[in-house]
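One structure is given below, encoded as structure tokens.
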Amino acid sequence: MAADGAWIGRSLRRVEDPRHLTGTASFVDDIRRPGVLALAFTRSAQAAARVAGLETEAARGTDGVRAVLTAADLGDVEPLVPRLDRPDFVAVELPLLARDRVRHVGEPLAMVVADTPHAAEDGAERVVVDYEPGRAVSSIEAAVADDAPRVHDGGNVLLDTAFHDDPALDELLEDAALVLEESFASARLSAVPLEGRACLAEWDDRDQRLTLWTSTQVPHLVRTTVAALLRLPEHRLRVIAPDVGGGFGQKCVVAREEALTCIAARRLGAPVKWVEDRQESLVAGFQGHEQRFHIRAGFDDEGRLLGLAADILCDVGAYSTHPFTCGVEPLMAATELLGPYAVRHYRARARAVATNKSPMAPYRGVSRPQMVLAMERLLQKAAMRLDVDPVEIRRRNLILPDAFPWTGPAGLVIDRGSYHEALETCAEALDIDAFRERQSAAREDGRLLGLGLACFAERSGYGTEAFNQRKMTVTPGYETAVARMDPSGGVTVYVGTSGHGQGHLTTLAQVAADQLGVDPAQVEVRQSDTDATPYGWGTFASRSMVVGGGATKRATLALAARIRRLAAHLLEAAPEDIELREGRAVVRGSPERGLSFADVGRVAYLEAQRLPPDQDPGLECQASFDPPGTFSNATHGCVVEIDRETGAVAIERYVVVEDCGVMINPAIVEGQVRGGVAQGIAAALYEELVYTEEGQLQTASLMDYLVPTAAEIPAVEILHLETPSEFSETGAKGMGEGGTMGAPACVASAVADAVAHLGIEIDRLPIRPDDVLAALHAAERKEGSGAR
Amino acid sequence: MSELHLVAMTVNGTRHEVAVEARRTLADVLRHDLGYTGTHLGCEHGICGACTVLVDGEPTRSCLVFGVQADDADVETVEGLGSEDALNPLQEAFTAHHALQCGFCTPGFLMLATALLRENPSPTDDEIRDAMASNICRCTGYQSILAAVRAAADGEPQPG
Amino acid sequence: MKPAPFEYHRVERTEDALERLAELGDEAKILAGGQSLVPMMNFRLVRPPALVDISRIPDLRYVERDGDCLRVGALTLHREVEQLDDPALIRGYELLPRSARWVGHYPIRTRGTFGGSVAHADPSAEWCMLAVLLDATVVVSGPQGEREIPAADFFLGFFTTAMEPGELLVEVRFPRPRPHAALQEFARRHGDFAIVAAAVAVDVDGDRMTDARIVIGGVDEIPLRVTDAEAVLEGAEPGAEAFAEAGRAAGAAVEPSADIHGSAEYRKELTAVLVRRALAEAVGGEGGDGG
């Protein structure tokens, strides 16, 4: 299916921009309510401790403090219990406020409500906690050790799944021409949305309703969950996500703080606002990406990957989060590890391991940055061992163009993409032959240059069935849109997705405009308010353009049909002869016979006597879409140079060849690619949440958690391919995470390429300059006299 | 409640007087006492630059200055740039080059670039990168921000 | 991340500052540019009961040449140092404006002060290193009048100086021009404090180097002079060989500790590299890059 018409495919300026450029945007902390009180949390200073006492008197007596609430004050409020409905999953309770035991530094113990944020913080630090510290579990290795302390009474493994088994694999791994056994590791990361989490809750006595403004990606899910915790009928809770300053997955789960802010507002009968500060965000915000892969893989002598067995461990922190649970990382990793490669024999064991750290939520890419790292480095190692060109080994393993839809050994179906073309295009853009010459010449001068590649498939548009297969207790797959023409002929589309930087107000209007024959400027998109929008799952997992865009297209197509029918009646023509263009309904071939949308809208609402007998008044259509899922694909390539005296890695060039099907707005696609690559480079070279053995976070500021700046991130050259999806309404495929998925592997493979001749392997992220230098020196010592 | 101090400052040409606690940063005062919520707080320790404003013409982290220190100061914030229907050339360049996504860091980058271009109307690409590397954006990967500042400096008509 | 409450006092004369400090006692802190102090207060890592804001004392903001000597008033902004370009003023001290680009970010430099940085005494801060490198005298004013403290005696440890409570840093005085001087830093990210920084100065007399001075930041509690490495350069011919040897000597001499940004061994290696690179920059010629 090709682009629909005039508006899809154009890099329109964003509707969202003017408010952000002029300071009129409204993030949660920008909302002013009369009499608002500030909420601050007293959070655990210990990673694993029994709470012997909690003394709040001093806090209550602090200037400006209105109330201090602890678990004891919450009464019978239930804990959250995120679940998967599968026998290999262990559900654990997530208390809103810890009562007698804390399981990670930053776990909330008390909430202090005061006149100002300053006074709230004064009070929060005066809550005296009597800890009886226990032994903390601060790493995967420590968690699975035989004598490991238990994070939860049931043990530290919260999910242990044998995802797929292939009895032929063992023999294959014995007999293959090349068998590699390799381990890969990636550090714990924070998504660091520039706006931390934030909530403002206000109880309205008149309507007996609660309104929660929250910096979330999933407003409807927050409403459902918080209403249940508060035992409030859902219609008496309105959740609004105002402008949201980035999420990257950290805000696609329900936070304890969202429920607690609501509880405080009800208790105090006043608006209550909690704004997470940066330290709190790094310490207590959701984290992710800390994984270990252990892989055995068999290749034939030409580099074909015949079979692979993986053991995957994910450090999920102290609790599961709702609704994805701590299963999201291991299940994703086991399901999608093979990516774009045609591997026939596969086995995976994947475990979610609890530690005394802040809980994991699905951070951009979710396991796929780690999977791509494992697969790409594996192929690179095999290429080197078998003396096969790195491009050639990928060529030999990528799913062949005539093999789509491809069904993997574990049943995952991959739809048509441009895997080979992306690889060839990227290789050509990098001019690899010329690079190899430059690389050897540089080596003669003692300089270390490397070229990296990463090919991957990016699953997007996860529908209900995908989540059902995970056995989630809620399956956030479909989307619904309502398209409405008002009496003035204006169009509003109400969607359940909840954009927060992706430009949906612009792109969904482009989709609608093409169905309705209007300028997108005449289409308003409304999102992120549970009172105004149809139930939907929000914006995460690169789903919005596929699922929400699909629902938008269906709803606006249905609306277009109704407009045609009404216009046909009024113009005394056949509906099939009416076409919609430039905001008018006209008779095909007789453009002078037509009605403006304003005329149509007026009749539909204000002159119901003129409606056809079988048509209800008004012009409003609702439609849903629930796709099976569709895969974008890309090849990333980069060139790096290592400063062999400092170990620093500089990225000289970065090329992305990507295929996300039909691009609704190419500028926005490129923005997603560049931002994703920047986060992927951050994971490759800079960012790491470092914990002590006692479970104390050592990188609790942006001085120590190194989010890169414009000085570290290179220009990204982007080339587009376009294989429209058969499984989305617009032909678009989701692509919000690809940059983050490809860049870590691409950079690692480039660094590995630069030092491969020295026998150095790069299998752990981030690649730190001190580690690089130490490896270079070790290699030099091994060689005797410096292999310059 | 600790002692209040009377602070007078001009914000985008408007004179304000406000009584504040000494510990309220200029960002707190602008945002919560005076209602200039376009200035955002992203880290409150001087790394991210979302709170960058101009104080007496100089780019300043408003999270690292107490409101009382800005007594008598001339402060410029994002609200003092062009309005929604009359964006200034720098704002135009930002939207034309897709230099913002979630928008949270945008006011800080705009004020930083405003300061740079006033002081150095024809910066080199390196000078732009060096100055813009003072702030953090988590969405864009920076390239579009650098391109927007370049275009604004060059006075190019903006596409799209 | 909101600071604990404090009393705020603004003064506009040095004498008033001293008087206030005397009244308020040892716990009061001086607020100048605040670019190091305020973040620590926002984290509540420090919680002074009172701040004395000296930023508006008009007569502490100057850079003056006095024969060979360069005098930098305590309230001179980093940005003002960066923009020094009058040759008559800055001749022989070009290292100061050249080094300013390493000081934080642009919007930090517009606010942070020279004296504030020296008084804060971060061992990898540029002005602290240059004070030691260039044999500066730190002039402090106190209840008993002014006293001059050689930079070599000024820095006592992390964020600790020879200043007494109640004293105010008013000037940093550099005694003699050192045209052959350079600063090199390594940080993983633009604008961050260096993991290791190396500052060097030498005199070049014909084909010999004399009076070498090498100071390393990030390897000790104070900006650390490495005399072993200085000795290597004394009388040596400028060139890659001598620079590399001095670097190795410096790397061998320092005893850094490890933190999350780099191991001890890594800091030693960086020391060697940065000293060599700084010497090459200071003297010109070979030996700066690559190996």
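Following the order of the structure tokens, chains are lettered A, B, ..., residues in each are numbered from 1, and ligands are numbered from 1.
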
Compile the residues of chain A that lie within 6 Å of chain B, evaluated using only C-alpha atoms, and express the compilation as a list of chain:residue names.
A:Pro18, A:His20, A:Thr22, A:Gly23, A:Asp30, A:Asp63, A:Leu194, A:Glu195, A:Gly245, A:Gly246, A:Arg278, A:His500, A:Gly501, A:Gly671, A:Arg674, A:Gly675, A:Ala678, A:Thr709, A:Ala710, A:Ala711, A:Ala715

Same residues, N, CA and C atoms, output as a compact mmCIF listing (two decimals), in the first residue's frame:
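Saved the output as out.txt:
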# COMPACT_ATOMS: atom_id res chain seq x y z
N PRO A 18 5.12 25.71 18.34
CA PRO A 18 5.03 27.10 18.83
C PRO A 18 4.92 27.22 20.34
N HIS A 20 6.09 25.28 22.62
CA HIS A 20 7.38 25.01 23.27
C HIS A 20 8.39 26.12 23.00
N THR A 22 7.76 29.24 22.71
CA THR A 22 7.41 30.52 23.32
C THR A 22 7.19 30.40 24.83
N GLY A 23 7.35 29.21 25.36
CA GLY A 23 7.19 29.05 26.81
C GLY A 23 5.75 28.93 27.25
N ASP A 30 4.19 23.24 35.62
CA ASP A 30 3.81 24.58 35.15
C ASP A 30 2.35 24.89 35.47
N ASP A 63 8.35 23.77 60.10
CA ASP A 63 7.67 24.94 59.53
C ASP A 63 7.09 24.63 58.16
N LEU A 194 14.12 14.54 30.32
CA LEU A 194 14.62 15.78 30.93
C LEU A 194 13.63 16.33 31.96
N GLU A 195 12.35 16.06 31.75
CA GLU A 195 11.39 16.28 32.84
C GLU A 195 11.27 14.97 33.59
N GLY A 245 7.69 15.90 29.30
CA GLY A 245 9.06 16.17 28.88
C GLY A 245 9.90 14.92 28.67
N GLY A 246 9.43 14.08 27.77
CA GLY A 246 10.16 12.85 27.46
C GLY A 246 9.74 11.73 28.39
N ARG A 278 16.02 15.61 40.08
CA ARG A 278 16.93 14.76 39.27
C ARG A 278 17.58 13.67 40.10
N HIS A 500 4.40 12.47 23.38
CA HIS A 500 5.11 13.35 24.31
C HIS A 500 6.44 13.72 23.69
N GLY A 501 6.35 14.24 22.47
CA GLY A 501 7.56 14.64 21.76
C GLY A 501 7.63 14.04 20.36
N GLY A 671 14.19 12.70 13.11
CA GLY A 671 14.39 13.13 14.49
C GLY A 671 14.41 11.95 15.45
N ARG A 674 17.80 10.13 14.93
CA ARG A 674 18.95 10.83 15.52
C ARG A 674 18.91 10.79 17.05
N GLY A 675 17.72 11.00 17.61
CA GLY A 675 17.62 10.96 19.07
C GLY A 675 17.88 9.56 19.60
N ALA A 678 21.56 8.84 19.47
CA ALA A 678 22.27 9.53 20.56
C ALA A 678 22.14 8.74 21.86
N THR A 709 26.55 15.31 25.48
CA THR A 709 26.16 16.62 24.96
C THR A 709 26.41 16.66 23.45
N ALA A 710 26.17 17.83 22.90
CA ALA A 710 26.40 18.02 21.46
C ALA A 710 27.86 17.80 21.08
N ALA A 711 28.76 17.88 22.06
CA ALA A 711 30.17 17.66 21.75
C ALA A 711 30.49 16.18 21.57
N ALA A 715 27.16 13.92 13.86
CA ALA A 715 26.08 14.02 12.87
C ALA A 715 25.74 12.62 12.39

Could you make a table, as JSON lines, of the residues of chain C that have an atom within 12 Å of an atom of chain A, each with its nearest atom pair and distance in Å to one decimal, counting only C-alpha atoms, in chain and number order?
{"residue": "C:Met1", "atom": "CA", "partner": "A:Asp277", "partner_atom": "CA", "distance": 6.2}
{"residue": "C:Lys2", "atom": "CA", "partner": "A:His118", "partner_atom": "CA", "distance": 5.4}
{"residue": "C:Pro3", "atom": "CA", "partner": "A:His118", "partner_atom": "CA", "distance": 7.1}
{"residue": "C:Ala4", "atom": "CA", "partner": "A:Asp122", "partner_atom": "CA", "distance": 6.9}
{"residue": "C:Pro5", "atom": "CA", "partner": "A:His118", "partner_atom": "CA", "distance": 8.4}
{"residue": "C:Phe6", "atom": "CA", "partner": "A:His118", "partner_atom": "CA", "distance": 11.9}
{"residue": "C:Pro39", "atom": "CA", "partner": "A:Ser701", "partner_atom": "CA", "distance": 10.5}
{"residue": "C:Met40", "atom": "CA", "partner": "A:Ser701", "partner_atom": "CA", "distance": 11.2}
{"residue": "C:Asn42", "atom": "CA", "partner": "A:His118", "partner_atom": "CA", "distance": 10.2}
{"residue": "C:Phe43", "atom": "CA", "partner": "A:Gln279", "partner_atom": "CA", "distance": 8.2}
{"residue": "C:Arg44", "atom": "CA", "partner": "A:Glu121", "partner_atom": "CA", "distance": 10.1}
{"residue": "C:Arg47", "atom": "CA", "partner": "A:Asp122", "partner_atom": "CA", "distance": 11.7}
{"residue": "C:Gly104", "atom": "CA", "partner": "A:Met703", "partner_atom": "CA", "distance": 11.3}
{"residue": "C:His105", "atom": "CA", "partner": "A:Thr709", "partner_atom": "CA", "distance": 11.3}
{"residue": "C:Glu185", "atom": "CA", "partner": "A:Thr646", "partner_atom": "CA", "distance": 10.9}
{"residue": "C:Phe186", "atom": "CA", "partner": "A:Thr646", "partner_atom": "CA", "distance": 8.1}
{"residue": "C:Ala187", "atom": "CA", "partner": "A:Ala648", "partner_atom": "CA", "distance": 9.4}
{"residue": "C:Arg188", "atom": "CA", "partner": "A:Ala648", "partner_atom": "CA", "distance": 7.6}
{"residue": "C:Arg189", "atom": "CA", "partner": "A:Pro708", "partner_atom": "CA", "distance": 6.6}
{"residue": "C:His190", "atom": "CA", "partner": "A:Ala711", "partner_atom": "CA", "distance": 6.1}
{"residue": "C:Gly191", "atom": "CA", "partner": "A:Ala711", "partner_atom": "CA", "distance": 9.3}
{"residue": "C:Asp192", "atom": "CA", "partner": "A:Met703", "partner_atom": "CA", "distance": 7.3}
{"residue": "C:Phe193", "atom": "CA", "partner": "A:Met703", "partner_atom": "CA", "distance": 8.7}
{"residue": "C:Ala194", "atom": "CA", "partner": "A:Met703", "partner_atom": "CA", "distance": 11.4}
{"residue": "C:Ile195", "atom": "CA", "partner": "A:Asp770", "partner_atom": "CA", "distance": 10.7}
{"residue": "C:Val196", "atom": "CA", "partner": "A:Thr646", "partner_atom": "CA", "distance": 10.6}
{"residue": "C:Ala258", "atom": "CA", "partner": "A:Asp770", "partner_atom": "CA", "distance": 11.0}
{"residue": "C:Asp259", "atom": "CA", "partner": "A:Gln698", "partner_atom": "CA", "distance": 9.6}
{"residue": "C:Ile260", "atom": "CA", "partner": "A:Val690", "partner_atom": "CA", "distance": 7.7}
{"residue": "C:His261", "atom": "CA", "partner": "A:Asp704", "partner_atom": "CA", "distance": 7.9}
{"residue": "C:Gly262", "atom": "CA", "partner": "A:Asp770", "partner_atom": "CA", "distance": 6.0}
{"residue": "C:Ser263", "atom": "CA", "partner": "A:Asp770", "partner_atom": "CA", "distance": 6.9}
{"residue": "C:Ala264", "atom": "CA", "partner": "A:Asp770", "partner_atom": "CA", "distance": 9.7}
{"residue": "C:Glu265", "atom": "CA", "partner": "A:Asp770", "partner_atom": "CA", "distance": 8.6}
{"residue": "C:Tyr266", "atom": "CA", "partner": "A:Asp770", "partner_atom": "CA", "distance": 5.6}
{"residue": "C:Arg267", "atom": "CA", "partner": "A:Asp770", "partner_atom": "CA", "distance": 8.6}
{"residue": "C:Lys268", "atom": "CA", "partner": "A:Asp770", "partner_atom": "CA", "distance": 10.9}
{"residue": "C:Glu269", "atom": "CA", "partner": "A:Thr646", "partner_atom": "CA", "distance": 7.9}
{"residue": "C:Leu270", "atom": "CA", "partner": "A:Thr646", "partner_atom": "CA", "distance": 6.3}
{"residue": "C:Thr271", "atom": "CA", "partner": "A:Thr646", "partner_atom": "CA", "distance": 9.9}
{"residue": "C:Ala272", "atom": "CA", "partner": "A:Glu645", "partner_atom": "CA", "distance": 9.4}
{"residue": "C:Val273", "atom": "CA", "partner": "A:Glu645", "partner_atom": "CA", "distance": 6.6}
{"residue": "C:Leu274", "atom": "CA", "partner": "A:Thr646", "partner_atom": "CA", "distance": 9.1}
{"residue": "C:Arg276", "atom": "CA", "partner": "A:Glu645", "partner_atom": "CA", "distance": 11.0}
{"residue": "C:Arg277", "atom": "CA", "partner": "A:Glu645", "partner_atom": "CA", "distance": 10.7}
{"residue": "C:Gly288", "atom": "CA", "partner": "A:Glu645", "partner_atom": "CA", "distance": 11.4}
{"residue": "C:Asp289", "atom": "CA", "partner": "A:Glu645", "partner_atom": "CA", "distance": 9.1}
{"residue": "C:Gly290", "atom": "CA", "partner": "A:Gly446", "partner_atom": "CA", "distance": 7.3}
{"residue": "C:Gly291", "atom": "CA", "partner": "A:Gly446", "partner_atom": "CA", "distance": 7.0}

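Considering only stretch 325-409 of chain A, backbone DSSP assigns strand (DSSP E) to His345, Tyr346, Arg347, Ala348, Arg349, Ala350, Arg351, Ala352, Val353, Ala354, Trp406 and Thr407 of chain A.
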
For the selection you just gave me, I'd like the residues written to a file as a PDB file, in the first residue's frame, keeping N, CA and C atoms.
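Once everything was written out, this is result.pdb:
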ATOM      1  N   HIS A 345      17.794 -23.255  14.258  1.00  0.00           N
ATOM      2  CA  HIS A 345      17.760 -24.006  15.524  1.00  0.00           C
ATOM      3  C   HIS A 345      18.067 -23.086  16.684  1.00  0.00           C
ATOM      4  N   TYR A 346      17.212 -23.129  17.679  1.00  0.00           N
ATOM      5  CA  TYR A 346      17.287 -22.093  18.713  1.00  0.00           C
ATOM      6  C   TYR A 346      16.785 -22.632  20.038  1.00  0.00           C
ATOM      7  N   ARG A 347      17.426 -22.148  21.087  1.00  0.00           N
ATOM      8  CA  ARG A 347      16.962 -22.453  22.442  1.00  0.00           C
ATOM      9  C   ARG A 347      17.291 -21.236  23.295  1.00  0.00           C
ATOM     10  N   ALA A 348      16.384 -20.880  24.176  1.00  0.00           N
ATOM     11  CA  ALA A 348      16.689 -19.764  25.065  1.00  0.00           C
ATOM     12  C   ALA A 348      16.112 -20.010  26.442  1.00  0.00           C
ATOM     13  N   ARG A 349      16.937 -19.718  27.411  1.00  0.00           N
ATOM     14  CA  ARG A 349      16.455 -19.637  28.786  1.00  0.00           C
ATOM     15  C   ARG A 349      16.615 -18.169  29.185  1.00  0.00           C
ATOM     16  N   ALA A 350      15.585 -17.612  29.761  1.00  0.00           N
ATOM     17  CA  ALA A 350      15.673 -16.206  30.150  1.00  0.00           C
ATOM     18  C   ALA A 350      15.147 -16.052  31.556  1.00  0.00           C
ATOM     19  N   ARG A 351      15.913 -15.310  32.350  1.00  0.00           N
ATOM     20  CA  ARG A 351      15.527 -15.137  33.749  1.00  0.00           C
ATOM     21  C   ARG A 351      15.446 -13.658  34.134  1.00  0.00           C
ATOM     22  N   ALA A 352      14.476 -13.359  34.956  1.00  0.00           N
ATOM     23  CA  ALA A 352      14.384 -12.044  35.590  1.00  0.00           C
ATOM     24  C   ALA A 352      14.906 -12.200  37.000  1.00  0.00           C
ATOM     25  N   VAL A 353      15.953 -11.467  37.306  1.00  0.00           N
ATOM     26  CA  VAL A 353      16.629 -11.636  38.586  1.00  0.00           C
ATOM     27  C   VAL A 353      16.432 -10.393  39.433  1.00  0.00           C
ATOM     28  N   ALA A 354      15.935 -10.591  40.632  1.00  0.00           N
ATOM     29  CA  ALA A 354      15.699  -9.456  41.530  1.00  0.00           C
ATOM     30  C   ALA A 354      16.990  -9.065  42.246  1.00  0.00           C
ATOM     31  N   TRP A 406       8.699 -14.469   7.050  1.00  0.00           N
ATOM     32  CA  TRP A 406       9.628 -15.430   7.633  1.00  0.00           C
ATOM     33  C   TRP A 406       9.126 -15.875   8.997  1.00  0.00           C
ATOM     34  N   THR A 407       9.054 -17.177   9.180  1.00  0.00           N
ATOM     35  CA  THR A 407       8.677 -17.696  10.488  1.00  0.00           C
ATOM     36  C   THR A 407       9.913 -18.271  11.159  1.00  0.00           C
TER      37      THR A 407
END

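Atom pair atom CA of C:Gly92 / atom CA of C:Cys69: separated by 10.0 Å.
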
Within 7 Å of C:Glu7 using only C-alpha atoms, minus same-chain residues under 2 positions, as a count of residues only
5

DSSP-assigned helix (DSSP H, G or I) members of stretch 376-592 of chain A, reported as an MDAnalysis selection string:
chainID A and resid 376:386 390:397 401:403 419:430 432:444 464:469 504:516 520:522 544:571 575:577

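Coordinates place atom CA of A:Leu21 at a distance of 19.0 Å from atom CA of A:Thr507.
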
Close residues, stretch 54-61 of chain B itself excluded, 7 Å, only C-alpha atoms, min 5 positions apart in chain, as a PyMOL selection string:
(chain B and resi 46+49+73-77+111-112+115) or (chain C and resi 107-108+110-111)

So that I can check the surroundings of B:Ala19, please list as a list in words every protein, DNA and RNA residue that reaches within 6 Å of it, counting only C-alpha atoms and ignoring chain neighbours fewer than 4 positions away.
Leu4, His5 and Leu6 of chain B

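If you count only C-alpha atoms and ignore residues fewer than 5 places along the chain from stretch 366-377 of chain A, what sits within 7 Å of it is A:Phe184, A:Ser186, A:His289, A:Glu329, A:Met332, A:Ala333, A:Leu337, A:Ala454, A:Phe456, A:Thr740, A:Met741, A:Gly742, A:Pro744, A:Ala745, A:Ser749.
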
Once you have the residues from the selection above, write them out as a short mmCIF file (atom, residue, chain, number, x, y, z; two decimals), in the first residue's frame, restricted to C-alpha atoms.
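Below is the file that was written, result_1.cif:
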data_model
loop_
_atom_site.label_atom_id
_atom_site.label_comp_id
_atom_site.auth_asym_id
_atom_site.auth_seq_id
_atom_site.Cartn_x
_atom_site.Cartn_y
_atom_site.Cartn_z
CA PHE A 184 27.91 -10.08 26.57
CA SER A 186 25.35 -4.21 29.34
CA HIS A 289 18.99 -2.59 30.25
CA GLU A 329 13.03 -7.73 29.39
CA MET A 332 11.48 -9.82 24.82
CA ALA A 333 15.08 -10.98 24.72
CA LEU A 337 17.03 -12.48 19.91
CA ALA A 454 24.66 -3.47 13.00
CA PHE A 456 18.42 -5.41 13.05
CA THR A 740 18.70 3.06 20.40
CA MET A 741 18.70 -0.58 19.33
CA GLY A 742 21.35 -0.34 16.65
CA PRO A 744 25.32 0.25 20.93
CA ALA A 745 26.14 -2.75 18.76
CA SER A 749 31.57 -3.50 16.66
#
